[in-house]
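Visitor: Sharing a structure, written as structure tokens. Questions coming.
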Amino acid sequence: MHVASESTRDTRGALDGCAEERSGLCHHRAVRGAADRTLTDALNSALFYTGVVTGLAGLLSLIRPLRRVGIRTRRRGLLVVTVGTVFALGTTLLPNPIHTTAARAMLVDQWLPEWQFGEYHERRVRASPEQLFAAIRRVRSSDIFLFRALTYLRNPSRDGQGEHILNPPDGKPILDVALAGGFILLGEETDRELLLGAVVIAPPEITRTAPRGNVPSLDPALFRTLGRPGFARVVLNFRVVPELNGWTRVTTETRVHAVDRMTQRQFAQYWRVIYPGSWIIRWSWLRAIEMRLAP
């Protein structure tokens, strides 16, 4: 793998008009580019949690020194707490590289061709694209491993809240819940790709009055125009790619673009913390899609 550079040209530009996509060659190039970009976010999150664990070890040593890990005195424990805390906070200040793509073959490329944060997952399934695309819409929160537990950590005060992706009812498809609670449908290509979008950070004058900080009357046309400081937008897609011998590849990609440096730093603090849980949810989501295939 190659770590993403300061400005990354998406290798999926090769997918535009690529006759080899069905054979998997172009898709392999795309996966490699996506994996390179995801590595940056995973590494930054790992560094953050390294600092957190180090700080906790030092904190415990203030009560009883952890001699087995080399913290033999409380004074050294205090030093370890300080180093771990500074290290963890420092990772939230690390700038994320800006990724760009010239490709326009996919909806996600058309709607958010520039972003700083993201993750990508895929799964090969023996099913038709039509079957998988229908299964995508049937998945519920209860189908996704640890979904409710992990979203509870991000949203513990659920009493009195309406339905949204962090407070989903058990019996409703999760995409329907998302679309009813802040996300909008940006585009859909039947049996190929589905793209949702939302605003994850908005200026204070909006968040003070809007429910859950959502932009009032958000629609696809407005979504495109939110390029002024204070905004961060997210897109989430599901895509199915037919392969040979009855196999289909289902993928999901999340991209976040923060307009200005201050908003990027604000989102980076959040992203470093929730990235492991988000990774588990996305990976489990694809597994749930496979499990939801009609018999």
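Please note that chains go A, B, ... in the order of the structure tokens, that every chain numbers its residues from 1, and that ligands are numbered from 1 in the order shown.
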Any chance you could list, as number ranges by chain, the residues in region 37-237 of chain A that come up alpha helix (DSSP H) when DSSP is run on the backbone?

Guide: A: 37-63, 74-91, 107-111, 129-138, 147-154, 174-180, 204-207, 220-225

Visitor: Do a neighbour search on region 267-270 of chain A at 8 Å with only C-alpha atoms, toss out local chain neighbours closer than 4 positions, and write the hits as a VMD selection string.

Guide: chain A and resid 92 to 93 201 232 258 263 274

Visitor: Find, counting only C-alpha atoms, the residue in A:Ala180, A:Leu150, A:Met106, A:Leu79 that gets nearest to Leu195 (chain A).

Guide: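 Looking only at the distances to Leu195 (chain A), the closest residue turns out to be A:Met106.
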
Visitor: I want to know what sits within 9 Å of Pro203 (chain A), based on only C-alpha atoms, with residues of the same chain fewer than 6 positions away left out; could you give that as a PyMOL selection string?

Guide: chain A and resi 229-231

Visitor: Hey, can you check how far CA of Thr248 (chain A) sits from CA of Trp285 (chain A)?

Guide: 16.0 Å

Visitor: Can you pull out the residues contacting Arg249 (chain A)? Cut-off 8 Å, using only C-alpha atoms, and skip same-chain residues under 6 positions away; I want them as a VMD selection string.

Guide: chain A and resid 122 to 125 240 to 243

Visitor: Within 12 Å of region 53-65 of chain A, counting only C-alpha atoms, which residues show up once you throw out same-chain ones fewer than 6 positions away? Write them as a ChimeraX atom specification, please.

Guide: /A:46-47,71-89

Visitor: Go ahead and write the residues just picked, C-alpha atoms, as a short mmCIF file (atom, residue, chain, number, x, y, z; two decimals), in the first residue's frame.

Guide:
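Produced file out-v6.cif, reproduced below:
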```
data_model
loop_
_atom_site.label_atom_id
_atom_site.label_comp_id
_atom_site.auth_asym_id
_atom_site.auth_seq_id
_atom_site.Cartn_x
_atom_site.Cartn_y
_atom_site.Cartn_z
CA ALA A 46 -4.75 4.48 15.79
CA LEU A 47 -2.33 7.21 16.88
CA ILE A 71 5.75 2.77 35.35
CA ARG A 72 7.39 2.27 38.74
CA THR A 73 6.43 5.46 40.55
CA ARG A 74 3.46 7.81 40.73
CA ARG A 75 5.67 10.64 39.52
CA ARG A 76 6.42 8.66 36.40
CA GLY A 77 2.71 7.90 36.11
CA LEU A 78 1.98 11.64 36.07
CA LEU A 79 4.54 12.07 33.30
CA VAL A 80 2.92 9.27 31.29
CA VAL A 81 -0.54 10.87 31.74
CA THR A 82 0.81 14.15 30.41
CA VAL A 83 2.59 12.58 27.44
CA GLY A 84 -0.42 10.44 26.51
CA THR A 85 -2.85 13.36 26.74
CA VAL A 86 -0.66 15.68 24.67
CA PHE A 87 -0.10 12.94 22.10
CA ALA A 88 -3.83 12.17 21.77
CA LEU A 89 -4.78 15.84 21.46
#
```

Visitor: List as a PyMOL selection string the protein and nucleic acid residues near Phe238 (chain A), meaning an atom at most 9 Å away when only C-alpha atoms are counted, but skip any in the same chain fewer than 6 places from it.

Guide: chain A and resi 133+136+192-196+250-253

Visitor: Export C-alpha atoms of the chosen residues as an mmCIF file, in the first residue's frame?

Guide:
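Writing done, so here's selection_3.cif:
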```cif
data_model
loop_
_atom_site.group_PDB
_atom_site.id
_atom_site.type_symbol
_atom_site.label_atom_id
_atom_site.label_comp_id
_atom_site.auth_asym_id
_atom_site.auth_seq_id
_atom_site.Cartn_x
_atom_site.Cartn_y
_atom_site.Cartn_z
ATOM 1 C CA PHE A 133 -29.610 -3.724 -4.633
ATOM 2 C CA ILE A 136 -29.500 -2.853 0.488
ATOM 3 C CA ARG A 192 -25.952 0.041 -9.614
ATOM 4 C CA GLU A 193 -25.496 2.850 -7.079
ATOM 5 C CA LEU A 194 -27.360 4.685 -4.325
ATOM 6 C CA LEU A 195 -26.033 7.944 -2.846
ATOM 7 C CA LEU A 196 -27.115 9.772 0.309
ATOM 8 C CA VAL A 250 -21.043 -4.610 -3.137
ATOM 9 C CA THR A 251 -19.143 -1.583 -1.894
ATOM 10 C CA THR A 252 -19.789 1.360 0.388
ATOM 11 C CA GLU A 253 -17.793 4.565 0.590
#
```

Visitor: Which residues, written as a list in words, have at least one atom at most 9 Å from Pro95 (chain A), with only C-alpha atoms counted and residues fewer than 6 positions away on the same chain left out?

Guide: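 Near neighbours after the sequence-gap exclusion: Gln116, Arg261, Gln264, Arg265 and Ala268 of chain A.
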
Visitor: Give the strand (DSSP E or B) residues of region 87-145 of chain A, as assigned by DSSP on the backbone, as a PyMOL selection string.

Guide: chain A and resi 98-100+114-115+117-126+140

Visitor: Which residue, A:Val200, A:Leu186, A:Val235, A:Leu175, has the smallest gap to Tyr120 (chain A) when you use only C-alpha atoms?

Guide: A:Val235

Visitor: Identify which of the residues A:Glu163, A:Pro168, A:Val273, A:Pro220 lies closest to Ala149 (chain A), counting only C-alpha atoms when measuring atom-to-atom distances.

Guide: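 So, comparing all the options, the nearest one is A:Pro168.
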
Visitor: Would you work out the distance separating CA of Leu39 (chain A) from CA of Thr100 (chain A), expressed in Å to one decimal?

Guide: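 Taking CA of Leu39 (chain A) as the start and CA of Thr100 (chain A) as the end point, the length is 16.0 Å.
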
Visitor: Mind pulling up the distance from CA of Pro97 (chain A) to CA of Met262 (chain A)?

Guide: 14.7 Å
